[in-house]
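Before any comments, here is the structure.
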Amino acid sequence: MTNVAILGFGVVGGGVADLLTKNEAEVTKLGKDGINIKYILDLRDFPSSPFCNKVVHDFGVIVNDPAVDTVIEVMGGSHPAYEYTVAALSAGKNVITSNKEVVANFGDEFLALAEKNGVCYRFEAAVGGGIPVLSPIIHCVRQNRITEVRGILNGTTNYILTKMFTFGESFEAALKDAQDKGFAERNPDADILGTDASRKIAILTALVTGKLVPTDKIHTEGITGVRHEDVVASEKIGRKIKLLGRCITDGESLYVTVAPFLLSSDMPLSTVSGVYNAVEVIGEPVKNVMFYGPGAGAGPTASAVVGDLMEIMRSSDNSVVPTIKKCDGISDFSEFKSSSYIAMTGVCPACVKAAFGEVQYIDAEGECAFITPVMTEGEQLEKIEALKAKGGVIKSRIRLI
Ligand code: HSE
């Protein structure tokens, strides 16, 4: 019998307990052993839950019980998740998590500690919810020369952008709808400012490059600046606006960013709607591989957590996870090259041409909207500053991909 302890009995913790109970036959067969939820750690009591007799309030009970093989940390946040993970790994227990914040901040440390103690640290559920993406990258794709990993990594923002496109809603109305439906938190900042996606692209970057980039070094833009006018303009040029996490590398340079991008309609990522997530890996010789599915929610996230548990029970070989080291030496984003959609007021086509050269104009009411040639961020910002000095006001800038 494998004994597990679940840290946190919220949406994900409840989903894990439910899955282990309702799919007991499947998990026992796959794991080649029965699974016993020995403890559930939470500050609260759950008197009406079928798991009420498992609830403890003291982590010491779990870490000091030699019968506990695996700790499932689904609390979220960095602390005390960090301290509990270190204690559990040091005590010789496997740790599985869905907590992208703690993986993005300390994943290198946890993997080294797990290796030292001969146990496993797994985090499939931290990126893409129910989509099996990290394990397939590790096991099936890493032999390629990977040049880019990009994805729609946040369901809440994808839902908001989908509503803005499909129903012409404003950002504010779409956000309110997402909150009413329970997708977005009451405080939606981590989603709409791109923080959540930056943690996920940091984890993906670490897996394909071995470099764990601090999230504050990732050029991050959220979707709060995306306007109804931008949606209209994007439709005119046959593109869709999506919040993407991107890691682009040629072996020497490494750009990591989260920002809204204008995707052409022949890109598979442009078709991903609603709360769904997708991750596209591009490498040689495999070309483009895409992983798609539900990026959040109790059932999908529990599926990924329990998938990690099955892998650990079948084989506790930790060596397949790549060595990851902290690295803040990524390429200067001002050198990143793209073409951008820009909307401005107070500028005339002649001034735009003088600054940017030949551009593609988009018919926009009351604004001068155009697509720049490909140039670096630094060059684009310099030219925008020159236009602002002549009375131009920037309304929007979204990069094309
Ligand atoms: N807030 C996240 C999202 C939850 O909307 O994708 C899953 O990480």
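Letters for chains follow the order of the structure tokens (A, B, ...), residue numbers begin at 1 for each chain, and ligand numbers begin at 1 in the order shown.
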*Show which residues sit within 8 Å of range 151-162 of chain A, as an NGL selection string. Count only C-alpha atoms, and ignore same-chain residues fewer than 5 positions away.*
:A and (127-128 or 171 or 174-175 or 178 or 183-184 or 191-192 or 196-197 or 200-201 or 223 or 241-246 or 269 or 272-280 or 295-296)
*Would you mind listing what lies within 10 Å of Asn288 in chain A as number ranges by chain, with only C-alpha atoms counted and same-chain residues fewer than 5 positions away left out?*
A: 146, 148-149, 268, 280-283
*Could you jot down the CA of Val306 in chain A to CA of Gly8 in chain A separation for me, Å, one decimal place?*
15.2 Å
*Nearest candidate to Thr70 in chain A (options A:Ala25, A:Ile96, A:Val103, A:Ala91; using only C-alpha atoms)*: A:Ile96
Selection near His57 in chain A, 10 Å with only C-alpha atoms, sequence-local residues under 6 positions removed, as an mmCIF file with C-alpha atoms, in the first residue's frame:
data_model
loop_
_atom_site.group_PDB
_atom_site.id
_atom_site.type_symbol
_atom_site.label_atom_id
_atom_site.label_comp_id
_atom_site.auth_asym_id
_atom_site.auth_seq_id
_atom_site.Cartn_x
_atom_site.Cartn_y
_atom_site.Cartn_z
ATOM 1 C CA LEU A 7 -1.342 19.379 1.454
ATOM 2 C CA TYR A 39 -3.566 12.587 5.713
ATOM 3 C CA ILE A 40 -5.037 15.794 4.337
ATOM 4 C CA LEU A 41 -3.412 18.966 5.681
ATOM 5 C CA ASP A 42 -5.554 22.072 5.879
ATOM 6 C CA LEU A 43 -6.216 24.912 8.288
ATOM 7 C CA ARG A 44 -9.938 24.137 8.107
ATOM 8 C CA ASP A 45 -12.032 21.162 9.214
#
